[in-house]
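Colleague: One structure follows; several queries about it will come next.
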There are 2 protein chains.
Amino acid sequence: MAVTIYDVARAAGVGVGTVSRVLNNSQAVKDTTREKVLSAISRLNYAPDPIARSMITGRTRVLGVIIAFVTRNFSVEVLRAMVSAASREDYELVIYNVESDEQRDHYFNQLPMRRRVDGLLIVSLRPNDETLPSFLKAGLPTVLVDAYSPAFTSVVINNMEGSYYAVKSLIDQGHHRIGFINGTVEGNFKFNQANDRLIGVHRAFSEAGIVFDPDLMLATDWTRAGGRSAAEQFLSLPDPPTAIFAASDVQAVGVMETARRLKLDVPGDLSIMGFDGVELSEILELSTVQQPMQELGELGIAKMVELLENENKTPELIRLDTFLLERRTTAPPKIKILNGKVKS
Amino acid sequence: MAVTIYDVARAAGVGVGTVSRVLNNSQAVKDTTREKVLSAISRLNYAPDPIARSMITGRTRVLGVIIAFVTRNFSVEVLRAMVSAASREDYELVIYNVESDEQRDHYFNQLPMRRRVDGLLIVSLRPNDETLPSFLKAGLPTVLVDAYSPAFTSVVINNMEGSYYAVKSLIDQGHHRIGFINGTVEGNFKFNQANDRLIGVHRAFSEAGIVFDPDLMLATDWTRAGGRSAAEQFLSLPDPPTAIFAASDVQAVGVMETARRLKLDVPGDLSIMGFDGVELSEILELSTVQQPMQELGELGIAKMVELLENENKTPELIRLDTFLLERRTTAPPKIKILNGKVKS
DNA sequence: TTGTACGCGTTATCAA
DNA sequence: TTGATAACGCGTACAA
């Protein structure tokens, strides 16, 4: 039914080997023969079957992307950069969306086995300790993006420094009581992002000599609802914070929603700082820590291609910097007169 | 290197045919033999090679998704629903992002040829008249989502009715001068969405006996910038509109931004209505026409699976309804006193 | 420079 | 119920 390399060979009056050589524009093929073959190819509208090709070459020119929560704005930005970078390199991308531990384990177990993909990009996740050995044994080229493991080339952003500068900027503006809304570490997800961001917060506090108040630290879902409820808790404290730093923009938006509901002036009554730098933050003029999402995706693909071209490269760690965007939701705290004495 | 079906056969002391039968749990295989084979499989940690399998079956269990502008919130929502529905049916999805006519044509020409995918889902795009014949000839099962062509099963939303009710609701609230920001029909993209939405607007106008003012209709990019500049034009008119209806939420957000810049009260001075119902609209409390994006994606996959199971099904057209969400950006126009006489 | 023949790992066919 | 073997479409040694 479909036209094969044999049909082309017959039409061109040559052997299949010659057609194959023309196809892989390798070897020396006499120009006149090449012409004959090429004309036959276009005449028959022939295209080689990638499946049969993979069968013999062992490569598919398909890359797998295991990604946590595709719908997160962050994931989308990274993914888009990946799709376009991959397409430039003539690779296709198949997406495995992970929204639960079971899904993650399923993919981590199955994928390295099959030789359906030439390589695996893992975004915002990492193989856990149980799956890691079988992962390594399978020897599938793997690149981690927004996640770190010493076993694989990893492209990460400097979460610690990002949150450090974010909190430091709030402190420099005169805030002392700063609420921190962290993201939960889902199941085994090892979203180390959360830990790193926490460490940065601590560092900024301790440098400024601020004692960490456990009441001002909460971990919630990486959602607006999470941000809303955490903000409610903070703001119903007897001594509420004058600023809230959230580990993601969506959570920060939740904080904004709570502030609006409580008729709080932002940034007058409450400064709000997010983390991510998704488009939404720009629209809402939310101060935030901008992540280089596009670079993350592009570098992920670039490193993968390197790996594919040179299988035994040693893992490397690429760390990208964040950029602090001070927009409209952060300002020095208003001086409040309370019980007759000045209180900041 | 990798363990094959022969290794399993040898280990189990049977022929490869038997192993294959067990694998495809077909036929009658004696229970004791089945046990032997299964134990050998797990002992050797064997998994069949999907490539070799595709080689003979001609099917890959991979679906291609050609999608316009993956990063649009709309696309992301649809895509996510597709990924999860496909995974339930044990299909993988490979994404082809289209952001230009060249890309679109490239995919439309290449993909049907290769047998790399079992079927093609086309989102917010449609094969143009030149590519259509070769498309049909290739006979690759194809489902259009958010796009319509009589040649293929199409899952669309009722754009016309959606925009009709949106404008009608504005008129019912007392608006007479309503600006309409449409999306551009990119290149050949045949984003018929734009046309349909325009038709709905016209219908609402003519039903209410409102004469269509060409000054109040503009087509821009489906972006915030597009919305901003269109709004600026409308609002600098001698007789500016009291309401603006945008063909997408992002454009409506652009309108909101312009309104904010001009210190216009929304909805007091200006009502704003969007179209899409993406998360952003909820956050901004934007009135909008909600599209059933998840259903769109799920139905797309469901119809594709039907098609795959029964190749010669005739194309069908599924039309999903929208839902009008009147939130905080729409209200009756304020009565203005102008030149001593009441003007609405 | 070119053609022939083998092999990739599986499923399907057929005979036993 | 099972085993042997022929495809599937291509790349590539090897021989010519």
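Residue numbers start at 1 in each chain; chains themselves are named A, B, ... in the order of the structure tokens; ligands are numbered from 1 in the order shown.
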Got a sec to tell me which of range 25-81 of chain B DSSP assigns to strand (DSSP E or B), as a PyMOL selection string?

Modeller: chain B and resi 62-68

Colleague: Using only C-alpha atoms (C1' of nucleotides), which residues sit within 12 Å of Glu130 in chain B once same-chain residues fewer than 6 positions away are excluded, as a ChimeraX atom specification?

Modeller: /B:105,108-109,136,188

Colleague: Which of range 117-300 of chain A end up as alpha helix (DSSP H) when DSSP is run on this backbone - answer as number ranges by chain?

Modeller: A: 131-138, 159-172, 192-207, 224-235, 249-261, 279-283, 293-300

Colleague: Produce a file of the selected residues containing C-alpha atoms, as a CSV table (one decimal), in the first residue's frame.

Modeller:
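Just written: again_33.csv:
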chain,number,residue,atom,x,y,z
A,131,THR,CA,13.8,4.0,40.9
A,132,LEU,CA,17.2,5.6,40.5
A,133,PRO,CA,19.2,2.4,40.2
A,134,SER,CA,17.1,0.9,37.5
A,135,PHE,CA,17.1,4.3,35.8
A,136,LEU,CA,20.8,4.4,35.7
A,137,LYS,CA,21.1,0.8,34.6
A,138,ALA,CA,18.8,1.5,31.6
A,159,ASN,CA,16.0,29.1,44.4
A,160,MET,CA,17.9,29.8,47.5
A,161,GLU,CA,19.4,33.0,46.3
A,162,GLY,CA,16.2,34.1,44.7
A,163,SER,CA,14.2,33.9,47.9
A,164,TYR,CA,17.1,35.4,49.9
A,165,TYR,CA,17.1,38.5,47.8
A,166,ALA,CA,13.3,38.7,47.8
A,167,VAL,CA,13.2,38.7,51.6
A,168,LYS,CA,16.2,40.9,51.9
A,169,SER,CA,14.5,43.5,49.8
A,170,LEU,CA,11.5,43.5,52.1
A,171,ILE,CA,13.7,43.8,55.1
A,172,ASP,CA,15.6,46.7,53.5
A,192,ASN,CA,13.3,20.7,46.6
A,193,GLN,CA,12.4,24.0,45.3
A,194,ALA,CA,10.4,24.4,48.6
A,195,ASN,CA,13.4,23.6,50.8
A,196,ASP,CA,15.8,25.8,48.9
A,197,ARG,CA,13.4,28.7,49.1
A,198,LEU,CA,13.0,28.2,52.8
A,199,ILE,CA,16.7,28.3,53.3
A,200,GLY,CA,17.0,31.6,51.5
A,201,VAL,CA,14.4,33.1,53.7
A,202,HIS,CA,16.2,31.9,56.8
A,203,ARG,CA,19.5,33.3,55.6
A,204,ALA,CA,18.0,36.7,55.0
A,205,PHE,CA,16.3,36.7,58.4
A,206,SER,CA,19.4,35.7,60.3
A,207,GLU,CA,21.6,38.2,58.5
A,224,ARG,CA,-4.5,30.4,44.9
A,225,ALA,CA,-6.6,28.7,47.6
A,226,GLY,CA,-3.4,27.8,49.4
A,227,GLY,CA,-2.3,31.4,49.4
A,228,ARG,CA,-5.7,32.7,50.4
A,229,SER,CA,-6.0,30.5,53.5
A,230,ALA,CA,-2.4,31.0,54.6
A,231,ALA,CA,-2.9,34.8,54.3
A,232,GLU,CA,-6.0,34.6,56.4
A,233,GLN,CA,-4.1,32.8,59.1
A,234,PHE,CA,-1.3,35.3,59.1
A,235,LEU,CA,-3.6,38.3,59.1
A,249,ASP,CA,3.1,33.6,42.1
A,250,VAL,CA,-0.2,31.8,42.3
A,251,GLN,CA,0.0,31.6,46.0
A,252,ALA,CA,0.8,35.3,46.1
A,253,VAL,CA,-2.3,36.0,44.0
A,254,GLY,CA,-4.2,34.1,46.7
A,255,VAL,CA,-2.8,36.5,49.2
A,256,MET,CA,-3.8,39.5,47.1
A,257,GLU,CA,-7.3,38.1,47.0
A,258,THR,CA,-7.5,37.8,50.7
A,259,ALA,CA,-6.1,41.3,51.1
A,260,ARG,CA,-8.8,42.5,48.8
A,261,ARG,CA,-11.5,40.7,50.7
A,279,GLU,CA,2.6,36.4,32.9
A,280,LEU,CA,-0.1,36.7,35.6
A,281,SER,CA,2.3,38.5,37.9
A,282,GLU,CA,3.0,41.1,35.3
A,283,ILE,CA,-0.7,41.8,34.7
A,293,MET,CA,11.8,29.8,32.3
A,294,GLN,CA,12.5,30.0,28.6
A,295,GLU,CA,16.2,29.5,29.2
A,296,LEU,CA,15.5,26.6,31.5
A,297,GLY,CA,13.6,24.8,28.7
A,298,GLU,CA,16.1,25.7,26.0
A,299,LEU,CA,19.1,24.7,28.0
A,300,GLY,CA,17.4,21.5,28.9

Colleague: I want to know what sits within 6 Å of range 1-15 of chain D, based on only C-alpha atoms (C1' of nucleotides), with residues of the same chain fewer than 3 positions away left out; could you give that as a ChimeraX atom specification?

Modeller: /A:52-53 /B:15,55-56

Colleague: Write the selection just made, keeping C-alpha atoms, as an mmCIF file, in the first residue's frame?

Modeller:
data_model
loop_
_atom_site.group_PDB
_atom_site.id
_atom_site.type_symbol
_atom_site.label_atom_id
_atom_site.label_comp_id
_atom_site.auth_asym_id
_atom_site.auth_seq_id
_atom_site.Cartn_x
_atom_site.Cartn_y
_atom_site.Cartn_z
ATOM 1 C CA ALA A 52 11.467 0.919 10.237
ATOM 2 C CA ARG A 53 14.298 3.352 10.483
ATOM 3 C CA GLY B 15 8.540 -20.928 21.303
ATOM 4 C CA MET B 55 6.721 -2.471 12.759
ATOM 5 C CA ILE B 56 4.333 -5.334 12.309
#

Colleague: For chain B, which residues have at least one atom within 9 Å of chain C, if we go by only C-alpha atoms (C1' of nucleotides)? Write them as a list in words, please.

Modeller: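 Result, ordered by chain then number: Thr4, Ile5, Tyr6, Gly17, Ser20, Pro48, Asp49, Pro50, Ile51, Ala52, Arg53, Ser54, Met55, Ile56 and Thr57 of chain B.
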
Colleague: How would the residues just picked look written out with N, CA and C atoms as a short mmCIF file (atom, residue, chain, number, x, y, z; two decimals), in the first residue's frame?

Modeller:
data_model
loop_
_atom_site.label_atom_id
_atom_site.label_comp_id
_atom_site.auth_asym_id
_atom_site.auth_seq_id
_atom_site.Cartn_x
_atom_site.Cartn_y
_atom_site.Cartn_z
N THR B 4 15.16 -9.93 24.65
CA THR B 4 14.12 -10.03 23.61
C THR B 4 13.17 -11.19 23.89
N ILE B 5 12.24 -11.29 23.02
CA ILE B 5 11.23 -12.33 23.16
C ILE B 5 11.86 -13.72 23.03
N TYR B 6 12.98 -13.81 22.33
CA TYR B 6 13.67 -15.08 22.19
C TYR B 6 14.26 -15.54 23.51
N GLY B 17 6.29 -17.77 19.58
CA GLY B 17 4.87 -17.59 19.30
C GLY B 17 4.06 -17.63 20.58
N SER B 20 4.51 -14.53 22.61
CA SER B 20 3.73 -13.45 22.01
C SER B 20 2.27 -13.58 22.37
N PRO B 48 8.26 -5.81 26.03
CA PRO B 48 8.31 -5.85 24.57
C PRO B 48 8.71 -4.49 24.00
N ASP B 49 9.38 -4.53 22.90
CA ASP B 49 9.84 -3.32 22.24
C ASP B 49 8.71 -2.72 21.40
N PRO B 50 8.27 -1.53 21.80
CA PRO B 50 7.14 -0.94 21.06
C PRO B 50 7.45 -0.66 19.60
N ILE B 51 8.70 -0.41 19.30
CA ILE B 51 9.06 -0.12 17.92
C ILE B 51 8.86 -1.35 17.05
N ALA B 52 9.40 -2.45 17.51
CA ALA B 52 9.26 -3.69 16.74
C ALA B 52 7.79 -4.06 16.61
N ARG B 53 7.08 -3.79 17.68
CA ARG B 53 5.66 -4.08 17.67
C ARG B 53 4.96 -3.23 16.59
N SER B 54 5.29 -1.96 16.57
CA SER B 54 4.68 -1.07 15.58
C SER B 54 5.02 -1.54 14.18
N MET B 55 6.22 -2.04 14.06
CA MET B 55 6.72 -2.47 12.76
C MET B 55 5.73 -3.42 12.10
N ILE B 56 5.22 -4.33 12.88
CA ILE B 56 4.33 -5.33 12.31
C ILE B 56 2.86 -4.96 12.41
N THR B 57 2.48 -4.36 13.54
CA THR B 57 1.05 -4.04 13.68
C THR B 57 0.67 -2.80 12.89
#
